[in-house]
$ cat upload36.pdb   # PDB, N, CA and C atoms
ATOM      1  N   MET A 260      46.299  23.848 -14.589
ATOM      2  CA  MET A 260      44.959  24.131 -15.085
ATOM      3  C   MET A 260      44.905  25.609 -15.494
ATOM      4  N   LYS A 261      44.529  25.849 -16.754
ATOM      5  CA  LYS A 261      44.536  27.223 -17.258
ATOM      6  C   LYS A 261      43.520  28.099 -16.523
ATOM      7  N   HIS A 262      42.279  27.666 -16.483
ATOM      8  CA  HIS A 262      41.227  28.410 -15.778
ATOM      9  C   HIS A 262      40.501  27.425 -14.868
ATOM     10  N   PRO A 263      40.807  27.450 -13.583
ATOM     11  CA  PRO A 263      40.162  26.494 -12.685
ATOM     12  C   PRO A 263      38.643  26.688 -12.635
ATOM     13  N   VAL A 264      37.942  25.586 -12.467
ATOM     14  CA  VAL A 264      36.485  25.581 -12.376
ATOM     15  C   VAL A 264      36.104  25.327 -10.928
ATOM     16  N   THR A 265      35.152  26.101 -10.431
ATOM     17  CA  THR A 265      34.715  25.951  -9.046
ATOM     18  C   THR A 265      34.175  24.539  -8.816
ATOM     19  N   PRO A 266      34.228  24.061  -7.575
ATOM     20  CA  PRO A 266      33.754  22.704  -7.281
ATOM     21  C   PRO A 266      32.306  22.444  -7.704
ATOM     22  N   ASP A 267      31.465  23.483  -7.710
ATOM     23  CA  ASP A 267      30.071  23.280  -8.123
ATOM     24  C   ASP A 267      29.898  23.324  -9.641
ATOM     25  N   GLY A 268      30.979  23.634 -10.376
ATOM     26  CA  GLY A 268      30.926  23.649 -11.831
ATOM     27  C   GLY A 268      30.216  24.842 -12.430
ATOM     28  N   ARG A 269      29.902  25.824 -11.622
ATOM     29  CA  ARG A 269      29.145  26.970 -12.120
ATOM     30  C   ARG A 269      30.022  28.084 -12.689
ATOM     31  N   TYR A 270      31.260  28.154 -12.242
ATOM     32  CA  TYR A 270      32.132  29.260 -12.640
ATOM     33  C   TYR A 270      33.526  28.758 -12.970
ATOM     34  N   PHE A 271      34.254  29.542 -13.768
ATOM     35  CA  PHE A 271      35.686  29.361 -13.925
ATOM     36  C   PHE A 271      36.332  30.663 -13.463
ATOM     37  N   VAL A 272      37.613  30.620 -13.174
ATOM     38  CA  VAL A 272      38.296  31.771 -12.592
ATOM     39  C   VAL A 272      39.333  32.303 -13.573
ATOM     40  N   VAL A 273      39.281  33.614 -13.801
ATOM     41  CA  VAL A 273      40.286  34.319 -14.592
ATOM     42  C   VAL A 273      40.683  35.558 -13.810
ATOM     43  N   ARG A 274      41.979  35.679 -13.553
ATOM     44  CA  ARG A 274      42.520  36.818 -12.797
ATOM     45  C   ARG A 274      41.748  37.053 -11.497
ATOM     46  N   SER A 275      41.509  35.968 -10.786
ATOM     47  CA  SER A 275      40.865  35.975  -9.466
ATOM     48  C   SER A 275      39.375  36.287  -9.504
ATOM     49  N   LYS A 276      38.788  36.382 -10.680
ATOM     50  CA  LYS A 276      37.375  36.722 -10.804
ATOM     51  C   LYS A 276      36.594  35.520 -11.324
ATOM     52  N   LEU A 277      35.386  35.324 -10.781
ATOM     53  CA  LEU A 277      34.506  34.246 -11.228
ATOM     54  C   LEU A 277      33.751  34.670 -12.485
ATOM     55  N   TRP A 278      33.689  33.746 -13.439
ATOM     56  CA  TRP A 278      32.916  33.948 -14.664
ATOM     57  C   TRP A 278      32.016  32.735 -14.830
ATOM     58  N   ARG A 279      30.733  32.984 -15.079
ATOM     59  CA  ARG A 279      29.771  31.893 -15.167
ATOM     60  C   ARG A 279      30.059  30.999 -16.372
ATOM     61  N   MET A 280      29.991  29.701 -16.136
ATOM     62  CA  MET A 280      30.168  28.705 -17.194
ATOM     63  C   MET A 280      28.900  28.645 -18.051
ATOM     64  N   ALA A 281      29.056  28.183 -19.272
ATOM     65  CA  ALA A 281      27.899  27.942 -20.126
ATOM     66  C   ALA A 281      27.058  26.817 -19.520
ATOM     67  N   ASN A 282      25.815  26.802 -19.862
ATOM     68  CA  ASN A 282      24.884  25.789 -19.374
ATOM     69  C   ASN A 282      25.299  24.412 -19.890
ATOM     70  N   PRO A 283      25.631  23.489 -18.999
ATOM     71  CA  PRO A 283      26.057  22.157 -19.443
ATOM     72  C   PRO A 283      24.916  21.330 -20.035
ATOM     73  N   ASP A 284      23.685  21.780 -19.871
ATOM     74  CA  ASP A 284      22.541  21.038 -20.403
ATOM     75  C   ASP A 284      22.251  21.349 -21.873
ATOM     76  N   LEU A 285      22.972  22.307 -22.457
ATOM     77  CA  LEU A 285      22.786  22.594 -23.877
ATOM     78  C   LEU A 285      23.322  21.418 -24.694
ATOM     79  N   ASP A 286      22.603  21.048 -25.753
ATOM     80  CA  ASP A 286      23.140  19.976 -26.590
ATOM     81  C   ASP A 286      24.298  20.528 -27.418
ATOM     82  N   GLN A 287      25.156  19.639 -27.871
ATOM     83  CA  GLN A 287      26.405  20.041 -28.529
ATOM     84  C   GLN A 287      26.158  20.908 -29.763
ATOM     85  N   ALA A 288      25.172  20.575 -30.568
ATOM     86  CA  ALA A 288      24.896  21.340 -31.787
ATOM     87  C   ALA A 288      24.489  22.773 -31.443
ATOM     88  N   GLU A 289      23.621  22.909 -30.439
ATOM     89  CA  GLU A 289      23.186  24.249 -30.027
ATOM     90  C   GLU A 289      24.353  25.038 -29.461
ATOM     91  N   ARG A 290      25.170  24.402 -28.628
ATOM     92  CA  ARG A 290      26.333  25.077 -28.034
ATOM     93  C   ARG A 290      27.291  25.541 -29.138
ATOM     94  N   THR A 291      27.552  24.667 -30.100
ATOM     95  CA  THR A 291      28.459  25.006 -31.198
ATOM     96  C   THR A 291      27.935  26.197 -31.987
ATOM     97  N   ASP A 292      26.643  26.195 -32.287
ATOM     98  CA  ASP A 292      26.030  27.311 -33.016
ATOM     99  C   ASP A 292      26.134  28.609 -32.224
ATOM    100  N   LEU A 293      25.819  28.548 -30.945
ATOM    101  CA  LEU A 293      25.867  29.751 -30.119
ATOM    102  C   LEU A 293      27.289  30.291 -29.988
ATOM    103  N   VAL A 294      28.251  29.412 -29.809
ATOM    104  CA  VAL A 294      29.652  29.858 -29.695
ATOM    105  C   VAL A 294      30.097  30.507 -31.000
ATOM    106  N   SER A 295      29.708  29.936 -32.115
ATOM    107  CA  SER A 295      30.042  30.515 -33.421
ATOM    108  C   SER A 295      29.428  31.911 -33.564
ATOM    109  N   ARG A 296      28.165  32.047 -33.168
ATOM    110  CA  ARG A 296      27.497  33.350 -33.226
ATOM    111  C   ARG A 296      28.154  34.345 -32.283
ATOM    112  N   LEU A 297      28.583  33.881 -31.119
ATOM    113  CA  LEU A 297      29.238  34.758 -30.158
ATOM    114  C   LEU A 297      30.566  35.275 -30.704
ATOM    115  N   LYS A 298      31.349  34.390 -31.290
ATOM    116  CA  LYS A 298      32.628  34.805 -31.874
ATOM    117  C   LYS A 298      32.408  35.845 -32.974
ATOM    118  N   ALA A 299      31.407  35.614 -33.820
ATOM    119  CA  ALA A 299      31.114  36.557 -34.900
ATOM    120  C   ALA A 299      30.684  37.911 -34.341
ATOM    121  N   ALA A 300      29.866  37.888 -33.295
ATOM    122  CA  ALA A 300      29.408  39.145 -32.697
ATOM    123  C   ALA A 300      30.569  39.897 -32.043
ATOM    124  N   ARG A 301      31.469  39.175 -31.407
ATOM    125  CA  ARG A 301      32.628  39.842 -30.799
ATOM    126  C   ARG A 301      33.554  40.427 -31.863
ATOM    127  N   ARG A 302      33.692  39.729 -32.990
ATOM    128  CA  ARG A 302      34.466  40.302 -34.109
ATOM    129  C   ARG A 302      33.787  41.566 -34.618
ATOM    130  N   ALA A 303      32.450  41.540 -34.684
ATOM    131  CA  ALA A 303      31.700  42.712 -35.144
ATOM    132  C   ALA A 303      31.896  43.887 -34.195
ATOM    133  N   VAL A 304      31.945  43.618 -32.899
ATOM    134  CA  VAL A 304      32.219  44.686 -31.928
ATOM    135  C   VAL A 304      33.592  45.289 -32.214
ATOM    136  N   ARG A 305      34.584  44.417 -32.376
ATOM    137  CA  ARG A 305      35.951  44.885 -32.623
ATOM    138  C   ARG A 305      36.036  45.732 -33.899
ATOM    139  N   GLU A 306      35.405  45.253 -34.964
ATOM    140  CA  GLU A 306      35.447  45.983 -36.236
ATOM    141  C   GLU A 306      34.698  47.310 -36.139
ATOM    142  N   ALA A 307      33.585  47.320 -35.439
ATOM    143  CA  ALA A 307      32.825  48.566 -35.282
ATOM    144  C   ALA A 307      33.623  49.588 -34.475
ATOM    145  N   LYS A 308      34.311  49.117 -33.453
ATOM    146  CA  LYS A 308      35.165  50.028 -32.675
ATOM    147  C   LYS A 308      36.273  50.594 -33.547
ATOM    148  N   LYS A 309      36.888  49.719 -34.333
ATOM    149  CA  LYS A 309      37.972  50.151 -35.216
ATOM    150  C   LYS A 309      37.472  51.216 -36.200
ATOM    151  N   ALA A 310      36.231  51.044 -36.674
ATOM    152  CA  ALA A 310      35.643  51.982 -37.631
ATOM    153  C   ALA A 310      34.974  53.173 -36.948
ATOM    154  N   ALA A 311      35.004  53.183 -35.610
ATOM    155  CA  ALA A 311      34.341  54.241 -34.828
ATOM    156  C   ALA A 311      32.858  54.359 -35.196
ATOM    157  N   ASP A 312      32.223  53.221 -35.444
ATOM    158  CA  ASP A 312      30.804  53.173 -35.798
ATOM    159  C   ASP A 312      30.018  52.776 -34.550
ATOM    160  N   ARG A 313      29.584  53.777 -33.815
ATOM    161  CA  ARG A 313      28.907  53.519 -32.533
ATOM    162  C   ARG A 313      27.596  52.751 -32.692
ATOM    163  N   GLU A 314      26.879  53.018 -33.760
ATOM    164  CA  GLU A 314      25.609  52.323 -33.982
ATOM    165  C   GLU A 314      25.858  50.826 -34.223
ATOM    166  N   ALA A 315      26.821  50.514 -35.068
ATOM    167  CA  ALA A 315      27.158  49.111 -35.336
ATOM    168  C   ALA A 315      27.712  48.444 -34.081
ATOM    169  N   GLU A 316      28.494  49.183 -33.314
ATOM    170  CA  GLU A 316      29.042  48.627 -32.075
ATOM    171  C   GLU A 316      27.924  48.288 -31.096
ATOM    172  N   ALA A 317      26.968  49.198 -30.945
ATOM    173  CA  ALA A 317      25.850  48.945 -30.031
ATOM    174  C   ALA A 317      25.048  47.726 -30.477
ATOM    175  N   ALA A 318      24.822  47.598 -31.781
ATOM    176  CA  ALA A 318      24.076  46.449 -32.301
ATOM    177  C   ALA A 318      24.843  45.154 -32.041
ATOM    178  N   ALA A 319      26.147  45.186 -32.230
ATOM    179  CA  ALA A 319      26.961  43.989 -31.999
ATOM    180  C   ALA A 319      26.982  43.625 -30.518
ATOM    181  N   HIS A 320      27.086  44.629 -29.644
ATOM    182  CA  HIS A 320      27.042  44.361 -28.204
ATOM    183  C   HIS A 320      25.708  43.726 -27.812
ATOM    184  N   GLU A 321      24.635  44.164 -28.433
ATOM    185  CA  GLU A 321      23.318  43.590 -28.140
ATOM    186  C   GLU A 321      23.283  42.105 -28.521
ATOM    187  N   ILE A 322      23.883  41.763 -29.643
ATOM    188  CA  ILE A 322      23.936  40.359 -30.061
ATOM    189  C   ILE A 322      24.794  39.558 -29.091
ATOM    190  N   VAL A 323      25.936  40.111 -28.690
ATOM    191  CA  VAL A 323      26.794  39.431 -27.706
ATOM    192  C   VAL A 323      25.982  39.139 -26.447
ATOM    193  N   ASP A 324      25.236  40.117 -25.970
ATOM    194  CA  ASP A 324      24.454  39.930 -24.750
ATOM    195  C   ASP A 324      23.392  38.841 -24.926
ATOM    196  N   LYS A 325      22.688  38.854 -26.045
ATOM    197  CA  LYS A 325      21.644  37.849 -26.277
ATOM    198  C   LYS A 325      22.232  36.442 -26.355
ATOM    199  N   VAL A 326      23.371  36.319 -27.038
ATOM    200  CA  VAL A 326      23.976  34.995 -27.192
ATOM    201  C   VAL A 326      24.537  34.494 -25.860
ATOM    202  N   THR A 327      25.182  35.370 -25.092
ATOM    203  CA  THR A 327      25.710  34.920 -23.806
ATOM    204  C   THR A 327      24.571  34.530 -22.862
ATOM    205  N   GLN A 328      23.428  35.187 -22.986
ATOM    206  CA  GLN A 328      22.276  34.765 -22.194
ATOM    207  C   GLN A 328      21.776  33.399 -22.653
ATOM    208  N   ALA A 329      21.748  33.182 -23.955
ATOM    209  CA  ALA A 329      21.317  31.876 -24.477
ATOM    210  C   ALA A 329      22.266  30.769 -24.037
ATOM    211  N   LEU A 330      23.554  31.096 -23.916
ATOM    212  CA  LEU A 330      24.531  30.120 -23.429
ATOM    213  C   LEU A 330      24.412  29.888 -21.918
ATOM    214  N   GLY A 331      23.754  30.803 -21.223
ATOM    215  CA  GLY A 331      23.629  30.688 -19.772
ATOM    216  C   GLY A 331      24.729  31.406 -19.018
ATOM    217  N   GLU A 332      25.572  32.148 -19.736
ATOM    218  CA  GLU A 332      26.682  32.848 -19.090
ATOM    219  C   GLU A 332      26.250  34.171 -18.460
ATOM    220  N   ARG A 333      25.130  34.683 -18.881
ATOM    221  CA  ARG A 333      24.542  35.904 -18.319
ATOM    222  C   ARG A 333      23.043  35.671 -18.185
ATOM    223  N   GLY A 334      22.376  36.636 -17.581
ATOM    224  CA  GLY A 334      20.933  36.530 -17.427
ATOM    225  C   GLY A 334      20.569  35.673 -16.234
ATOM    226  N   PRO A 335      19.350  35.159 -16.230
ATOM    227  CA  PRO A 335      18.900  34.345 -15.092
ATOM    228  C   PRO A 335      19.785  33.109 -14.912
ATOM    229  N   VAL A 336      20.006  32.750 -13.657
ATOM    230  CA  VAL A 336      20.822  31.563 -13.381
ATOM    231  C   VAL A 336      20.046  30.310 -13.767
ATOM    232  N   ARG A 337      20.773  29.241 -14.072
ATOM    233  CA  ARG A 337      20.149  27.987 -14.490
ATOM    234  C   ARG A 337      19.854  27.072 -13.308
ATOM    235  N   TRP A 338      20.440  27.382 -12.143
ATOM    236  CA  TRP A 338      20.244  26.509 -10.994
ATOM    237  C   TRP A 338      19.057  26.989 -10.176
ATOM    238  N   ASP A 339      18.503  26.073  -9.371
ATOM    239  CA  ASP A 339      17.296  26.409  -8.613
ATOM    240  C   ASP A 339      17.439  26.098  -7.128
ATOM    241  N   ASP A 340      18.695  26.117  -6.639
ATOM    242  CA  ASP A 340      18.909  25.807  -5.229
ATOM    243  C   ASP A 340      18.959  27.050  -4.342
ATOM    244  N   GLY A 341      18.655  28.216  -4.923
ATOM    245  CA  GLY A 341      18.632  29.447  -4.150
ATOM    246  C   GLY A 341      19.975  30.154  -4.022
ATOM    247  N   MET A 342      21.047  29.541  -4.512
ATOM    248  CA  MET A 342      22.368  30.165  -4.433
ATOM    249  C   MET A 342      22.387  31.385  -5.363
ATOM    250  N   PRO A 343      22.828  32.522  -4.848
ATOM    251  CA  PRO A 343      22.884  33.715  -5.699
ATOM    252  C   PRO A 343      23.950  33.582  -6.781
ATOM    253  N   ASP A 344      23.890  34.479  -7.729
ATOM    254  CA  ASP A 344      24.855  34.492  -8.823
ATOM    255  C   ASP A 344      26.072  35.312  -8.402
ATOM    256  N   TYR A 345      27.255  34.722  -8.535
ATOM    257  CA  TYR A 345      28.505  35.407  -8.196
ATOM    258  C   TYR A 345      29.324  35.708  -9.451
ATOM    259  N   ASN A 346      28.658  35.774 -10.604
ATOM    260  CA  ASN A 346      29.341  36.098 -11.846
ATOM    261  C   ASN A 346      30.028  37.453 -11.726
ATOM    262  N   ARG A 347      31.300  37.490 -12.080
ATOM    263  CA  ARG A 347      32.140  38.679 -12.084
ATOM    264  C   ARG A 347      32.541  39.156 -10.686
ATOM    265  N   TYR A 348      32.307  38.362  -9.678
ATOM    266  CA  TYR A 348      32.773  38.682  -8.325
ATOM    267  C   TYR A 348      34.211  38.196  -8.172
ATOM    268  N   MET A 349      34.961  38.864  -7.330
ATOM    269  CA  MET A 349      36.277  38.360  -6.965
ATOM    270  C   MET A 349      36.053  37.084  -6.160
ATOM    271  N   ALA A 350      36.778  36.032  -6.489
ATOM    272  CA  ALA A 350      36.584  34.734  -5.837
ATOM    273  C   ALA A 350      36.723  34.842  -4.325
ATOM    274  N   LYS A 351      37.627  35.676  -3.858
ATOM    275  CA  LYS A 351      37.857  35.807  -2.415
ATOM    276  C   LYS A 351      36.655  36.390  -1.679
ATOM    277  N   ASN A 352      35.706  36.965  -2.408
ATOM    278  CA  ASN A 352      34.524  37.575  -1.800
ATOM    279  C   ASN A 352      33.264  36.738  -1.987
ATOM    280  N   THR A 353      33.451  35.443  -2.201
ATOM    281  CA  THR A 353      32.322  34.555  -2.452
ATOM    282  C   THR A 353      32.435  33.312  -1.563
ATOM    283  N   PRO A 354      31.422  32.456  -1.580
ATOM    284  CA  PRO A 354      31.532  31.198  -0.845
ATOM    285  C   PRO A 354      32.658  30.292  -1.361
ATOM    286  N   CYS A 355      33.240  30.625  -2.501
ATOM    287  CA  CYS A 355      34.361  29.856  -3.071
ATOM    288  C   CYS A 355      35.709  30.311  -2.518
ATOM    289  N   ALA A 356      35.717  31.235  -1.584
ATOM    290  CA  ALA A 356      36.958  31.849  -1.109
ATOM    291  C   ALA A 356      37.958  30.820  -0.579
ATOM    292  N   ASP A 357      37.531  29.897   0.263
ATOM    293  CA  ASP A 357      38.462  28.903   0.823
ATOM    294  C   ASP A 357      39.007  27.993  -0.269
ATOM    295  N   TRP A 358      38.143  27.561  -1.165
ATOM    296  CA  TRP A 358      38.583  26.737  -2.290
ATOM    297  C   TRP A 358      39.630  27.487  -3.113
ATOM    298  N   TYR A 359      39.352  28.747  -3.415
ATOM    299  CA  TYR A 359      40.272  29.534  -4.233
ATOM    300  C   TYR A 359      41.597  29.769  -3.505
ATOM    301  N   ALA A 360      41.536  30.050  -2.228
ATOM    302  CA  ALA A 360      42.764  30.243  -1.447
ATOM    303  C   ALA A 360      43.600  28.965  -1.466
ATOM    304  N   GLY A 361      42.949  27.829  -1.432
ATOM    305  CA  GLY A 361      43.659  26.554  -1.511
ATOM    306  C   GLY A 361      44.363  26.376  -2.846
ATOM    307  N   LEU A 362      43.760  26.855  -3.907
ATOM    308  CA  LEU A 362      44.412  26.793  -5.217
ATOM    309  C   LEU A 362      45.683  27.623  -5.223
ATOM    310  N   ALA A 363      45.613  28.800  -4.643
ATOM    311  CA  ALA A 363      46.777  29.689  -4.614
ATOM    312  C   ALA A 363      47.928  29.028  -3.848
ATOM    313  N   ARG A 364      47.608  28.325  -2.758
ATOM    314  CA  ARG A 364      48.666  27.645  -1.989
ATOM    315  C   ARG A 364      49.303  26.537  -2.808
ATOM    316  N   VAL A 365      48.488  25.794  -3.544
ATOM    317  CA  VAL A 365      49.006  24.699  -4.364
ATOM    318  C   VAL A 365      49.824  25.262  -5.527
ATOM    319  N   ASP A 366      49.329  26.320  -6.179
ATOM    320  CA  ASP A 366      50.015  26.914  -7.321
ATOM    321  C   ASP A 366      51.375  27.484  -6.950
ATOM    322  N   HIS A 367      51.554  27.884  -5.714
ATOM    323  CA  HIS A 367      52.810  28.506  -5.287
ATOM    324  C   HIS A 367      53.617  27.594  -4.378
ATOM    325  N   GLY A 368      53.387  26.310  -4.493
ATOM    326  CA  GLY A 368      54.158  25.354  -3.723
ATOM    327  C   GLY A 368      53.914  25.410  -2.239
ATOM    328  N   GLY A 369      52.722  25.885  -1.838
ATOM    329  CA  GLY A 369      52.379  25.943  -0.419
ATOM    330  C   GLY A 369      53.015  27.106   0.323
ATOM    331  N   ARG A 370      53.604  28.038  -0.406
ATOM    332  CA  ARG A 370      54.252  29.196   0.248
ATOM    333  C   ARG A 370      53.279  30.272   0.593
TER
END
$ encode --input "upload36.pdb" --output "structure tokens"
Amino acid sequence: MKHPVTPDGRYFVVRSKLWRMANPDLDQAERTDLVSRLKAARRAVREAKKAADREAEAAAHEIVDKVTQALGERGPVRWDDGMPDYNRYMAKNTPCADWYAGLARVDHGGR
């Protein structure tokens, strides 16, 4: 599995860090549009950095932030069970720690 997803489906793991998943309740057309806009905004960030255009970079970062919030990856959490947001936390420092440790044992042949 390239990026394991936590048992609750709220996060995926990259380099031992939790990253919030997009809202699964978004319809496919909306998700596709938002992902397309996000990719374009990230390209704009890259191009603005390359051109050393701080104003354009700031504007592109603002779009990235708005789109990731619309996707549910940032901003207010979509769940209402009182569980705090662990976005960008190291997995070992969250309630997912035992689950994540179990993945490491399986990935390394139980060593």
$ resolve_selection --input "upload36.pdb" --expression "the PyMOL selection byres (((chain A and resi 346-358 and name CA) around 12) and name CA)" --output "PyMOL selection string"
chain A and resi 263-281+331-336+342-345+359-365
$ resolve_selection --input "upload36.pdb" --expression "the PyMOL selection byres (((chain A and resi 284-286 and name CA) around 12) and name CA)" --output "JSON, numbers by chain"
{"A": [280, 281, 282, 283, 287, 288, 289, 290, 291, 292, 293, 294, 329, 330, 331, 332, 337, 338]}
$ resolve_selection --input "upload36.pdb" --expression "the PyMOL selection byres ((chain A and resi 317-323) around 6.5)" --output "list in words"
Leu297, Ala300, Arg301, Ala303, Val304, Asp312, Arg313, Glu314, Ala315, Glu316, Asp324, Lys325, Val326, Thr327 and Gln328 of chain A
$ select_by_dssp --input "upload36.pdb" --residues "chain A" --states "helix (DSSP H, G or I)" --output "NGL selection string"
:A and (287-309 or 313-330 or 350-352 or 356-366)
$ select_by_dssp --input "upload36.pdb" --residues "chain A" --states "strand (DSSP E or B)" --output "list in words"
Val264, Tyr270, Phe271, Val272, Val273, Lys276, Leu277, Trp278, Arg279 and Met349 of chain A
$ write_last_selection --input "upload36.pdb" --atoms "N, CA and C atoms" --output "PDB file, in the coordinates of the input"
ATOM      1  N   VAL A 264      37.942  25.586 -12.467  1.00  0.00           N
ATOM      2  CA  VAL A 264      36.485  25.581 -12.376  1.00  0.00           C
ATOM      3  C   VAL A 264      36.104  25.327 -10.928  1.00  0.00           C
ATOM      4  N   TYR A 270      31.260  28.154 -12.242  1.00  0.00           N
ATOM      5  CA  TYR A 270      32.132  29.260 -12.640  1.00  0.00           C
ATOM      6  C   TYR A 270      33.526  28.758 -12.970  1.00  0.00           C
ATOM      7  N   PHE A 271      34.254  29.542 -13.768  1.00  0.00           N
ATOM      8  CA  PHE A 271      35.686  29.361 -13.925  1.00  0.00           C
ATOM      9  C   PHE A 271      36.332  30.663 -13.463  1.00  0.00           C
ATOM     10  N   VAL A 272      37.613  30.620 -13.174  1.00  0.00           N
ATOM     11  CA  VAL A 272      38.296  31.771 -12.592  1.00  0.00           C
ATOM     12  C   VAL A 272      39.333  32.303 -13.573  1.00  0.00           C
ATOM     13  N   VAL A 273      39.281  33.614 -13.801  1.00  0.00           N
ATOM     14  CA  VAL A 273      40.286  34.319 -14.592  1.00  0.00           C
ATOM     15  C   VAL A 273      40.683  35.558 -13.810  1.00  0.00           C
ATOM     16  N   LYS A 276      38.788  36.382 -10.680  1.00  0.00           N
ATOM     17  CA  LYS A 276      37.375  36.722 -10.804  1.00  0.00           C
ATOM     18  C   LYS A 276      36.594  35.520 -11.324  1.00  0.00           C
ATOM     19  N   LEU A 277      35.386  35.324 -10.781  1.00  0.00           N
ATOM     20  CA  LEU A 277      34.506  34.246 -11.228  1.00  0.00           C
ATOM     21  C   LEU A 277      33.751  34.670 -12.485  1.00  0.00           C
ATOM     22  N   TRP A 278      33.689  33.746 -13.439  1.00  0.00           N
ATOM     23  CA  TRP A 278      32.916  33.948 -14.664  1.00  0.00           C
ATOM     24  C   TRP A 278      32.016  32.735 -14.830  1.00  0.00           C
ATOM     25  N   ARG A 279      30.733  32.984 -15.079  1.00  0.00           N
ATOM     26  CA  ARG A 279      29.771  31.893 -15.167  1.00  0.00           C
ATOM     27  C   ARG A 279      30.059  30.999 -16.372  1.00  0.00           C
ATOM     28  N   MET A 349      34.961  38.864  -7.330  1.00  0.00           N
ATOM     29  CA  MET A 349      36.277  38.360  -6.965  1.00  0.00           C
ATOM     30  C   MET A 349      36.053  37.084  -6.160  1.00  0.00           C
TER      31      MET A 349
END
$ atom_distance --input "upload36.pdb" --atom1 "atom N of Lys261 (chain A)" --atom2 "atom C of Ala299 (chain A)"
25.4 Å
